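Visitor: Got coords-v1.txt for you, compact mmCIF, C-alpha atoms:
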```txt
# COMPACT_ATOMS: atom_id res chain seq x y z
CA MET X 1 29.79 -7.00 17.85
CA LYS X 2 28.14 -6.45 14.46
CA LYS X 3 26.45 -9.84 14.80
CA PHE X 4 25.10 -8.89 18.22
CA ILE X 5 23.79 -5.53 16.97
CA THR X 6 21.94 -7.15 14.10
CA TYR X 7 20.44 -9.76 16.42
CA THR X 8 19.36 -7.07 18.87
CA LEU X 9 17.66 -4.96 16.20
CA PHE X 10 15.68 -7.79 14.69
CA ALA X 11 14.79 -9.13 18.11
CA VAL X 12 13.23 -5.74 18.81
CA ILE X 13 11.54 -5.74 15.43
CA VAL X 14 10.09 -9.23 15.33
CA LEU X 15 9.88 -11.04 18.62
CA THR X 16 6.68 -9.33 19.76
CA SER X 17 4.92 -10.92 16.78
CA CYS X 18 5.40 -14.36 18.32
CA SER X 19 2.84 -13.56 21.01
CA LYS X 20 0.11 -13.41 18.39
CA PHE X 21 0.54 -17.10 17.72
CA LEU X 22 -0.42 -17.83 21.33
CA ASP X 23 -3.79 -16.15 20.86
CA GLU X 24 -5.17 -19.03 18.84
CA LYS X 25 -2.97 -22.11 19.23
CA PRO X 26 -4.90 -25.13 20.53
CA ASP X 27 -2.14 -26.49 22.78
CA LYS X 28 -0.77 -23.91 25.18
CA LYS X 29 2.19 -26.15 26.01
CA MET X 30 3.36 -26.23 22.43
CA ALA X 31 6.76 -24.52 22.15
CA VAL X 32 7.75 -24.91 18.51
CA PRO X 33 5.26 -24.54 15.63
CA LYS X 34 5.81 -27.38 13.17
CA THR X 35 2.55 -28.50 11.54
CA LEU X 36 0.28 -27.24 8.79
CA GLU X 37 -2.19 -26.15 11.42
CA HIS X 38 0.49 -24.18 13.24
CA ALA X 39 1.41 -22.43 9.98
CA ASN X 40 -2.26 -21.75 9.32
CA LEU X 41 -2.69 -20.15 12.74
CA LEU X 42 0.29 -17.87 12.15
CA LEU X 43 -1.33 -16.69 8.93
CA ASN X 44 -4.58 -16.04 10.80
CA ASP X 45 -2.87 -13.22 12.73
CA TYR X 46 -4.81 -10.34 11.17
CA THR X 47 -3.28 -7.72 13.45
CA THR X 48 0.31 -8.55 12.53
CA LEU X 49 -0.23 -9.27 8.84
CA ASN X 50 -3.01 -6.91 7.74
CA THR X 51 -2.96 -3.78 9.92
CA VAL X 52 0.70 -2.80 10.28
CA TYR X 53 1.55 -0.69 7.26
CA PRO X 54 3.24 2.73 7.22
CA THR X 55 1.45 6.07 6.81
CA PHE X 56 4.51 8.25 6.16
CA GLY X 57 4.06 8.21 2.37
CA GLU X 58 0.44 9.29 2.50
CA ILE X 59 1.25 11.87 5.19
CA ALA X 60 3.83 13.41 2.83
CA ALA X 61 1.48 13.41 -0.19
CA ASP X 62 -0.70 16.19 -1.56
CA ASP X 63 -4.33 15.07 -1.33
CA TYR X 64 -4.89 16.96 1.91
CA PHE X 65 -3.57 19.64 4.24
CA VAL X 66 -3.67 20.42 7.96
CA SER X 67 -4.04 23.84 9.51
CA THR X 68 -1.32 25.38 11.64
CA ASP X 69 -3.34 24.71 14.78
CA SER X 70 -3.89 21.09 13.80
CA TRP X 71 -0.21 20.64 12.96
CA ASN X 72 0.76 22.06 16.34
CA ALA X 73 -1.71 19.69 18.01
CA LEU X 74 -0.17 16.56 16.49
CA SER X 75 1.46 14.45 19.19
CA ASP X 76 3.88 12.49 16.99
CA GLN X 77 6.92 14.59 16.11
CA ASP X 78 7.94 12.26 13.28
CA GLU X 79 4.57 12.76 11.59
CA LYS X 80 4.92 16.53 11.93
CA GLU X 81 8.36 16.45 10.32
CA VAL X 82 7.31 14.08 7.52
CA TYR X 83 4.36 16.35 6.71
CA LEU X 84 6.88 19.16 6.04
CA TRP X 85 9.38 16.90 4.20
CA SER X 86 11.91 17.71 6.90
CA ASP X 87 15.48 16.41 7.06
CA GLN X 88 15.13 15.75 10.80
CA SER X 89 15.87 12.20 11.91
CA ILE X 90 12.98 9.77 12.32
CA ILE X 91 12.99 8.73 15.97
CA GLY X 92 10.14 6.24 16.16
CA ILE X 93 10.66 2.75 14.77
CA THR X 94 7.07 1.55 14.38
CA GLN X 95 6.55 2.37 10.71
CA TRP X 96 9.68 0.43 9.78
CA GLN X 97 9.36 -2.27 12.42
CA ASN X 98 5.78 -3.41 11.91
CA PRO X 99 5.99 -4.38 8.22
CA TYR X 100 9.21 -6.26 8.97
CA LYS X 101 7.32 -8.09 11.72
CA ALA X 102 4.86 -9.18 9.03
CA ILE X 103 7.79 -10.34 6.88
CA TYR X 104 9.25 -12.21 9.85
CA GLN X 105 5.95 -13.99 10.45
CA ALA X 106 5.68 -14.96 6.78
CA ASN X 107 9.24 -16.31 6.97
CA GLN X 108 8.30 -18.31 10.07
CA VAL X 109 5.55 -20.00 8.09
CA LEU X 110 7.88 -20.75 5.18
CA GLU X 111 10.45 -22.23 7.56
CA ILE X 112 7.84 -24.50 9.16
CA LEU X 113 6.82 -25.73 5.73
CA ASN X 114 10.40 -26.19 4.52
CA LYS X 115 11.23 -28.37 7.53
CA MET X 116 8.21 -30.63 7.22
CA GLU X 117 9.10 -34.19 6.18
CA ASP X 118 5.60 -35.66 6.01
CA ILE X 119 3.32 -33.53 3.83
CA SER X 120 -0.05 -35.18 4.36
CA ASP X 121 -2.01 -32.49 2.54
CA PRO X 122 0.01 -31.15 -0.43
CA VAL X 123 -2.79 -28.81 -1.57
CA LYS X 124 -2.99 -27.18 1.87
CA PHE X 125 0.80 -27.08 2.04
CA ARG X 126 1.05 -25.19 -1.26
CA GLN X 127 -1.76 -22.85 -0.29
CA LEU X 128 -0.08 -21.84 2.97
CA GLU X 129 3.27 -21.45 1.22
CA SER X 130 1.64 -19.19 -1.36
CA GLU X 131 -0.09 -17.09 1.27
CA ALA X 132 3.19 -16.57 3.13
CA CYS X 133 4.89 -15.46 -0.09
CA PHE X 134 2.04 -13.03 -0.72
CA PHE X 135 2.26 -11.44 2.73
CA ARG X 136 6.04 -11.08 2.41
CA ALA X 137 5.68 -9.42 -1.00
CA PHE X 138 2.94 -7.07 0.16
CA ALA X 139 4.84 -5.93 3.25
CA LEU X 140 8.11 -5.36 1.38
CA HIS X 141 6.27 -3.37 -1.30
CA GLN X 142 4.65 -1.14 1.33
CA LEU X 143 8.08 -0.48 2.81
CA ALA X 144 9.60 0.25 -0.61
CA VAL X 145 6.95 2.82 -1.47
CA VAL X 146 7.84 4.78 1.66
CA PHE X 147 11.53 4.20 2.38
CA ALA X 148 13.09 3.53 -1.04
CA PRO X 149 13.80 6.12 -3.74
CA PRO X 150 11.76 6.33 -6.94
CA PHE X 151 12.40 3.43 -9.31
CA ARG X 152 14.39 4.50 -12.38
CA SER X 153 15.22 1.70 -14.77
CA MET X 154 18.54 3.31 -15.76
CA THR X 155 19.85 3.46 -12.17
CA ALA X 156 17.85 0.78 -10.30
CA THR X 157 20.79 -1.62 -10.19
CA GLN X 158 22.85 1.03 -8.35
CA ASP X 159 20.22 2.81 -6.24
CA LEU X 160 19.73 1.60 -2.69
CA GLY X 161 16.69 -0.54 -2.00
CA LEU X 162 15.75 -2.21 1.28
CA PRO X 163 17.01 -5.06 3.45
CA ILE X 164 15.51 -8.29 2.10
CA ARG X 165 14.77 -10.82 4.84
CA LEU X 166 14.11 -14.35 3.55
CA SER X 167 14.50 -16.25 6.80
CA PRO X 168 13.21 -15.86 10.38
CA ASP X 169 16.77 -16.46 11.56
CA LEU X 170 17.81 -13.36 13.51
CA ASP X 171 21.48 -14.26 13.54
CA TYR X 172 22.61 -12.90 10.21
CA PRO X 173 23.44 -9.30 9.28
CA SER X 174 21.09 -7.08 7.38
CA SER X 175 22.15 -4.95 4.44
CA ARG X 176 20.41 -2.82 1.84
CA SER X 177 19.82 -4.52 -1.48
CA THR X 178 19.70 -2.56 -4.71
CA LEU X 179 16.37 -1.08 -5.73
CA PHE X 180 16.21 -3.54 -8.63
CA GLU X 181 16.74 -6.47 -6.25
CA THR X 182 14.04 -5.17 -3.91
CA TYR X 183 11.41 -4.97 -6.62
CA HIS X 184 12.56 -8.23 -8.18
CA GLN X 185 12.00 -9.95 -4.83
CA ILE X 186 8.51 -8.44 -4.47
CA ILE X 187 7.50 -9.57 -7.95
CA GLN X 188 9.04 -13.03 -7.51
CA ASP X 189 7.21 -13.59 -4.23
CA TYR X 190 3.91 -12.56 -5.81
CA LYS X 191 4.55 -14.90 -8.75
CA ASN X 192 5.38 -17.74 -6.38
CA ALA X 193 2.12 -17.02 -4.57
CA ILE X 194 -0.10 -17.30 -7.65
CA THR X 195 0.06 -21.06 -8.18
CA GLY X 196 -1.20 -22.13 -4.76
CA LEU X 197 -3.77 -19.46 -3.91
CA ARG X 198 -7.51 -19.96 -4.10
CA ASN X 199 -9.50 -18.94 -7.17
CA THR X 200 -12.52 -18.49 -4.90
CA LYS X 201 -13.01 -15.98 -2.11
CA PRO X 202 -10.63 -16.82 0.76
CA PRO X 203 -11.25 -16.51 4.51
CA LEU X 204 -11.29 -12.91 5.72
CA GLY X 205 -7.83 -11.36 5.71
CA ARG X 206 -6.23 -13.98 3.49
CA PRO X 207 -5.15 -13.43 -0.15
CA SER X 208 -6.69 -15.00 -3.25
CA LYS X 209 -5.17 -15.71 -6.63
CA ALA X 210 -6.80 -12.51 -7.96
CA ALA X 211 -5.09 -10.55 -5.16
CA ALA X 212 -1.68 -11.93 -6.15
CA TYR X 213 -2.20 -10.97 -9.80
CA ALA X 214 -3.33 -7.54 -8.60
CA GLY X 215 -0.29 -7.16 -6.34
CA ILE X 216 2.01 -7.83 -9.28
CA ALA X 217 0.09 -5.35 -11.44
CA ARG X 218 0.43 -2.68 -8.74
CA THR X 219 4.16 -3.37 -8.46
CA TYR X 220 4.76 -3.23 -12.21
CA LEU X 221 2.85 0.04 -12.37
CA ASP X 222 5.13 1.53 -9.71
CA ILE X 223 8.19 0.69 -11.80
CA ALA X 224 6.51 1.93 -15.00
CA ASP X 225 6.45 -1.47 -16.71
CA TYR X 226 3.10 -0.88 -18.36
CA SER X 227 2.95 -3.98 -20.55
CA ASN X 228 3.26 -6.25 -17.53
CA ALA X 229 0.98 -4.02 -15.46
CA PHE X 230 -1.74 -4.52 -18.10
CA LYS X 231 -1.11 -8.26 -18.30
CA TYR X 232 -1.43 -8.93 -14.58
CA ALA X 233 -4.27 -6.47 -14.03
CA ASP X 234 -6.15 -8.28 -16.77
CA SER X 235 -5.48 -11.64 -15.10
CA ALA X 236 -6.79 -10.30 -11.78
CA LEU X 237 -9.97 -8.94 -13.34
CA GLN X 238 -10.58 -12.19 -15.19
CA LEU X 239 -11.00 -13.76 -11.75
CA ASN X 240 -12.81 -10.93 -9.94
CA ASN X 241 -14.17 -7.82 -11.66
CA PHE X 242 -16.91 -6.77 -9.23
CA LEU X 243 -17.53 -3.05 -8.70
CA ILE X 244 -19.79 -1.44 -6.12
CA ASN X 245 -22.52 0.71 -7.65
CA PHE X 246 -22.30 3.86 -5.54
CA ASN X 247 -26.00 4.47 -6.09
CA ASP X 248 -26.47 1.63 -3.59
CA VAL X 249 -24.21 3.22 -0.96
CA PRO X 250 -25.92 5.52 1.59
CA ALA X 251 -24.48 9.02 1.31
CA SER X 252 -25.45 10.04 4.84
CA SER X 253 -23.51 7.27 6.56
CA ALA X 254 -20.48 8.33 8.59
CA MET X 255 -18.73 5.18 7.35
CA PRO X 256 -20.34 4.29 4.00
CA PHE X 257 -18.14 1.30 3.13
CA ALA X 258 -17.97 -1.91 5.10
CA ARG X 259 -14.69 -3.63 5.84
CA PHE X 260 -14.24 -6.65 3.56
CA ASN X 261 -16.73 -5.27 1.04
CA ASP X 262 -16.97 -7.08 -2.30
CA GLU X 263 -14.57 -4.73 -4.12
CA VAL X 264 -11.73 -5.63 -1.75
CA LEU X 265 -9.29 -8.14 -3.22
CA PHE X 266 -7.01 -7.94 -0.20
CA PRO X 267 -7.69 -6.04 3.05
CA ALA X 268 -4.86 -4.07 4.61
CA SER X 269 -4.64 -0.92 6.65
CA THR X 270 -2.30 1.27 8.63
CA PHE X 271 -2.19 1.14 12.41
CA LEU X 272 -3.09 4.79 13.11
CA ALA X 273 -4.10 7.61 10.80
CA GLY X 274 -2.25 10.46 12.58
CA PRO X 275 -2.68 13.70 10.62
CA LEU X 276 -4.71 11.78 8.02
CA GLY X 277 -7.57 11.34 10.51
CA THR X 278 -10.81 13.26 10.10
CA PHE X 279 -10.06 15.54 13.06
CA PHE X 280 -6.86 16.92 11.50
CA SER X 281 -6.94 16.49 7.72
CA ARG X 282 -8.76 18.63 5.20
CA VAL X 283 -9.03 17.52 1.59
CA ASP X 284 -7.24 19.63 -1.01
CA SER X 285 -9.91 21.99 -2.35
CA ASN X 286 -8.83 21.57 -5.98
CA LEU X 287 -9.15 17.81 -5.62
CA TYR X 288 -12.65 18.11 -4.14
CA LEU X 289 -13.80 20.49 -6.85
CA SER X 290 -12.54 18.15 -9.59
CA TYR X 291 -15.48 15.78 -9.02
CA GLY X 292 -18.52 16.33 -11.24
CA SER X 293 -21.81 17.44 -9.68
CA GLN X 294 -23.36 13.98 -10.21
CA ASP X 295 -20.23 12.09 -9.14
CA LEU X 296 -21.39 10.15 -6.08
CA ARG X 297 -17.88 9.93 -4.71
CA LYS X 298 -18.23 13.52 -3.44
CA GLU X 299 -20.79 12.51 -0.83
CA ARG X 300 -19.55 8.96 -0.22
CA PHE X 301 -15.92 9.93 0.25
CA TYR X 302 -16.21 13.32 1.96
CA GLN X 303 -18.03 15.18 4.70
CA LYS X 304 -18.12 18.91 5.35
CA SER X 305 -16.36 20.07 8.47
CA GLU X 306 -17.28 22.98 10.71
CA ASP X 307 -14.50 25.10 9.21
CA GLY X 308 -16.08 24.83 5.74
CA HIS X 309 -13.49 22.41 4.36
CA TYR X 310 -14.02 18.72 3.69
CA SER X 311 -12.59 15.67 5.44
CA PHE X 312 -12.38 12.11 4.16
CA LYS X 313 -14.84 9.47 5.40
CA GLY X 314 -14.73 6.87 2.62
CA SER X 315 -12.30 4.31 4.01
CA TYR X 316 -12.71 0.77 2.73
CA ASP X 317 -11.45 -0.39 6.12
CA GLY X 318 -14.69 0.68 7.78
CA SER X 319 -12.89 2.44 10.64
CA GLU X 320 -11.26 5.73 11.58
CA SER X 321 -8.20 4.26 13.28
CA GLY X 322 -6.09 4.00 10.13
CA ILE X 323 -6.34 4.26 6.36
CA PHE X 324 -7.05 1.45 3.92
CA VAL X 325 -4.00 0.44 1.86
CA GLY X 326 -5.25 -2.88 0.53
CA ILE X 327 -6.09 -3.78 -3.06
CA THR X 328 -9.48 -3.33 -4.72
CA THR X 329 -10.96 -4.13 -8.11
CA SER X 330 -11.46 -0.40 -8.75
CA GLU X 331 -7.71 0.16 -8.45
CA ILE X 332 -7.03 -2.70 -10.84
CA TYR X 333 -9.47 -1.31 -13.41
CA LEU X 334 -7.52 1.95 -13.27
CA ILE X 335 -4.19 0.16 -13.60
CA ARG X 336 -5.45 -1.72 -16.64
CA ALA X 337 -6.93 1.47 -18.10
CA GLU X 338 -3.71 3.46 -17.69
CA ALA X 339 -1.53 0.63 -18.95
CA ALA X 340 -3.83 0.16 -21.95
CA VAL X 341 -3.61 3.83 -22.92
CA ARG X 342 0.16 3.88 -22.46
CA THR X 343 0.54 0.80 -24.69
CA ASN X 344 -1.73 2.25 -27.40
CA ASN X 345 -4.80 0.15 -26.61
CA ILE X 346 -7.11 3.15 -26.50
CA GLN X 347 -10.44 1.34 -26.75
CA HIS X 348 -9.61 -0.99 -23.88
CA GLY X 349 -8.58 1.98 -21.75
CA LEU X 350 -11.82 3.81 -22.56
CA SER X 351 -13.90 0.73 -21.81
CA ASP X 352 -12.35 0.22 -18.37
CA LEU X 353 -12.59 3.89 -17.46
CA ASN X 354 -16.23 4.21 -18.52
CA HIS X 355 -17.20 0.99 -16.77
CA LEU X 356 -15.73 2.26 -13.50
CA LEU X 357 -17.32 5.70 -13.76
CA LYS X 358 -20.78 4.33 -14.57
CA ASN X 359 -20.67 2.77 -11.13
CA ARG X 360 -19.59 6.03 -9.51
CA TRP X 361 -22.09 8.53 -11.00
CA ALA X 362 -25.78 8.96 -10.28
CA THR X 363 -27.88 6.65 -12.43
CA GLY X 364 -28.57 8.08 -15.88
CA THR X 365 -26.24 11.10 -15.53
CA PHE X 366 -22.92 9.78 -16.79
CA SER X 367 -21.93 10.52 -20.38
CA GLU X 368 -19.30 8.12 -21.64
CA ILE X 369 -15.83 9.49 -22.29
CA THR X 370 -14.97 9.27 -25.98
CA GLU X 371 -11.54 10.92 -26.03
CA SER X 372 -9.29 9.16 -28.54
CA ASP X 373 -6.15 11.28 -28.27
CA PRO X 374 -3.71 9.22 -26.15
CA GLU X 375 -2.18 12.21 -24.37
CA ARG X 376 -5.49 13.76 -23.36
CA LEU X 377 -6.98 10.40 -22.43
CA LEU X 378 -3.98 9.54 -20.25
CA LYS X 379 -4.49 12.77 -18.30
CA ILE X 380 -8.15 11.88 -17.79
CA VAL X 381 -7.24 8.40 -16.53
CA LEU X 382 -4.65 9.79 -14.13
CA ASN X 383 -7.10 12.38 -12.79
CA GLU X 384 -9.69 9.67 -12.19
CA ARG X 385 -7.05 7.50 -10.55
CA ARG X 386 -6.34 10.26 -8.04
CA LYS X 387 -10.05 10.85 -7.39
CA GLU X 388 -10.80 7.16 -6.91
CA LEU X 389 -7.78 6.17 -4.81
CA VAL X 390 -7.73 9.11 -2.43
CA PHE X 391 -6.44 8.18 1.05
CA ARG X 392 -5.53 4.66 -0.13
CA GLY X 393 -1.76 4.90 0.34
CA ARG X 394 -1.16 5.13 -3.41
CA ARG X 395 -0.64 8.85 -4.02
CA TRP X 396 2.99 8.90 -2.81
CA ALA X 397 3.90 6.05 -5.16
CA ASP X 398 2.13 7.84 -8.02
CA LEU X 399 4.00 11.09 -7.37
CA LYS X 400 7.32 9.23 -7.36
CA ARG X 401 6.46 7.52 -10.64
CA LEU X 402 4.83 10.43 -12.49
CA ASN X 403 7.43 13.02 -11.50
CA GLN X 404 9.85 11.20 -13.79
CA GLU X 405 7.82 12.42 -16.77
CA ALA X 406 8.29 16.15 -17.34
CA ARG X 407 4.65 16.57 -18.41
CA PHE X 408 3.43 15.29 -15.03
CA GLU X 409 5.99 16.83 -12.68
CA LYS X 410 4.50 18.54 -9.65
CA THR X 411 6.01 20.74 -6.96
CA LEU X 412 4.27 20.24 -3.62
CA VAL X 413 3.67 23.15 -1.26
CA ARG X 414 2.79 23.31 2.45
CA ARG X 415 2.14 26.36 4.62
CA ILE X 416 2.44 26.28 8.39
CA ALA X 417 2.18 29.56 10.28
CA ASP X 418 3.96 32.10 8.10
CA LYS X 419 6.39 29.67 6.53
CA LYS X 420 6.18 28.00 3.13
CA TYR X 421 7.62 24.53 2.52
CA THR X 422 8.19 22.98 -0.91
CA LEU X 423 9.01 19.54 -2.26
CA LEU X 424 10.53 19.56 -5.72
CA PRO X 425 9.92 16.73 -8.22
CA ASN X 426 12.42 13.86 -7.96
CA SER X 427 14.09 15.35 -4.89
CA ASN X 428 15.72 13.23 -2.18
CA PRO X 429 12.87 13.45 0.40
CA TYR X 430 10.78 11.17 -1.83
CA ALA X 431 12.62 8.43 0.05
CA ILE X 432 11.54 8.92 3.66
CA LEU X 433 14.41 8.69 6.14
CA ILE X 434 14.93 5.29 7.75
CA PRO X 435 14.53 5.50 11.56
CA LYS X 436 17.70 6.58 13.29
CA ILE X 437 17.85 3.55 15.59
CA VAL X 438 17.96 1.22 12.57
CA ILE X 439 20.88 3.15 11.08
CA ASP X 440 22.69 3.29 14.42
CA LEU X 441 22.30 -0.41 15.23
CA THR X 442 22.91 -1.94 11.80
CA GLY X 443 25.18 0.55 10.07
CA ILE X 444 23.16 0.37 6.85
CA PRO X 445 23.33 3.54 4.73
CA GLN X 446 20.74 6.21 5.33
CA ASN X 447 18.69 7.66 2.50
CA ILE X 448 20.42 10.60 0.86
CA ARG X 449 19.63 14.14 1.96
```
Could I get this structure in the form of structure tokens?
Guide:
Amino acid sequence: MKKFITYTLFAVIVLTSCSKFLDEKPDKKMAVPKTLEHANLLLNDYTTLNTVYPTFGEIAADDYFVSTDSWNALSDQDEKEVYLWSDQSIIGITQWQNPYKAIYQANQVLEILNKMEDISDPVKFRQLESEACFFRAFALHQLAVVFAPPFRSMTATQDLGLPIRLSPDLDYPSSRSTLFETYHQIIQDYKNAITGLRNTKPPLGRPSKAAAYAGIARTYLDIADYSNAFKYADSALQLNNFLINFNDVPASSAMPFARFNDEVLFPASTFLAGPLGTFFSRVDSNLYLSYGSQDLRKERFYQKSEDGHYSFKGSYDGSESGIFVGITTSEIYLIRAEAAVRTNNIQHGLSDLNHLLKNRWATGTFSEITESDPERLLKIVLNERRKELVFRGRRWADLKRLNQEARFEKTLVRRIADKKYTLLPNSNPYAILIPKIVIDLTGIPQNIR
């Protein structure tokens, strides 16, 4: 019975992804993918691999608010409950299912490659293998940010992580790994990806070697391993360090940033924005006021709404349907800057921070930061990180990480109607509840409440 339940769940989760392969395959009679070209076509499935990532973490974060009327108007009950850090069960399965579909598709590719006896193009073979490892790492990391508890090195080998799927085979039971095992798998997959990925710009939607280095840097930052975060951020920027000069970006545009712009190391987005969309969300006023008067991000990222508040318009996805959660060079500069300051490399941290901000302020108005005190400089870097990466799916991960340091703890507050809701630092709701159907069908433990 347990075997049947597991098969049923993962059939629901992954089988719809198979239809994407049919969109592009050259031979409609082909039943079983088995060649390099078949693997390549599976990795061309932008919808399944690049646009499926969860919004729950960003919905629960503190860069924005929604009014009572807007909250009441939301159609998705799960999103309403997540916004209030509720203990109510998650009914919908999409935010859990879709990233696992991406993992399933990556595993399909790896299985095709593992079964090939005649490897006529070993370079192409290794490239496709590396890309599949990258997609699997990226999807599992997105899931961990939302559904796993904060990473604490002292307890990571006991804390519950996520189910790790390393095969497209549906006929084996799923169980929760430890948090350490989850993050180890993410990092290992990224490392496996590095050797075969392109140094040059890849086809749209596919990862490069710089993106793999950047993915590892992002992961090490989330687990507060700052030496390795610096190392891999530096490797990424050695390959691609381009920054957009915001003086060249039109402020009046409703969508100032093009999809696949030159800062994007890897494009990824969520399916729908929900309460994060411009109709519902209003940017936290303290966050908006933290930008300097000549900081061009104020007009490139935000637009004034009729109610006098500001909404976000600066998505690097170039659309309003979801939010951008991919990786950019600007994020990697901030990772390297923070990691440099935390490892007592003050000058490197200052250099990265100033280089980024010169490209964000009006020409001739930016005065370089010269702060040499590590504590004060770290606060500046973290403030700039929040201002730069707003609505990028990173704030929830940052809150989970920074709340573990008493000096950066933050209690979050929401107000709907006449009721006040609070989220205390390091509290259990920082691991969003796994959808009820997953718990019911597999019997895996639910996140603690």
Visitor: For segment 338-353 of chain X, list every protein, DNA or RNA residue within 8 Å, evaluated using only C-alpha atoms, and leave out those in the same chain fewer than 5 positions away; present the list as a list of chain:residue names.
Guide: X:Leu221, X:Tyr226, X:Ser227, X:Ala229, X:Phe230, X:Tyr333, X:Ile369, X:Thr370, X:Glu371, X:Ser372, X:Pro374, X:Leu377, X:Leu378, X:Val381, X:Leu382
Visitor: Between atom CA of Ala431 of chain X and atom CA of Arg206 of chain X, what is the distance, to one decimal in Å?
Guide: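 Pair atom CA of Ala431 of chain X / atom CA of Arg206 of chain X returns 29.5 Å.
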Visitor: Looking at X:Leu179, X:Ile103, X:Leu272, X:Ile223, which one is nearest to Ala156 of chain X, with distances taken over only C-alpha atoms?
Guide: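 Checking each candidate against Ala156 of chain X, we get X:Leu179 as the closest.
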Visitor: Which residue, X:Gln446, X:Ser208, X:Thr270, X:Thr219, has the smallest gap to Val52 of chain X when you use all atoms listed in the file?
Guide: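 For Val52 of chain X, the nearest of the candidates is X:Thr270.
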Visitor: What gap, in Å, lies between atom CA of Asp222 of chain X and atom CA of Gln238 of chain X?
Guide: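 Going from atom CA of Asp222 of chain X over to atom CA of Gln238 of chain X covers 21.6 Å.
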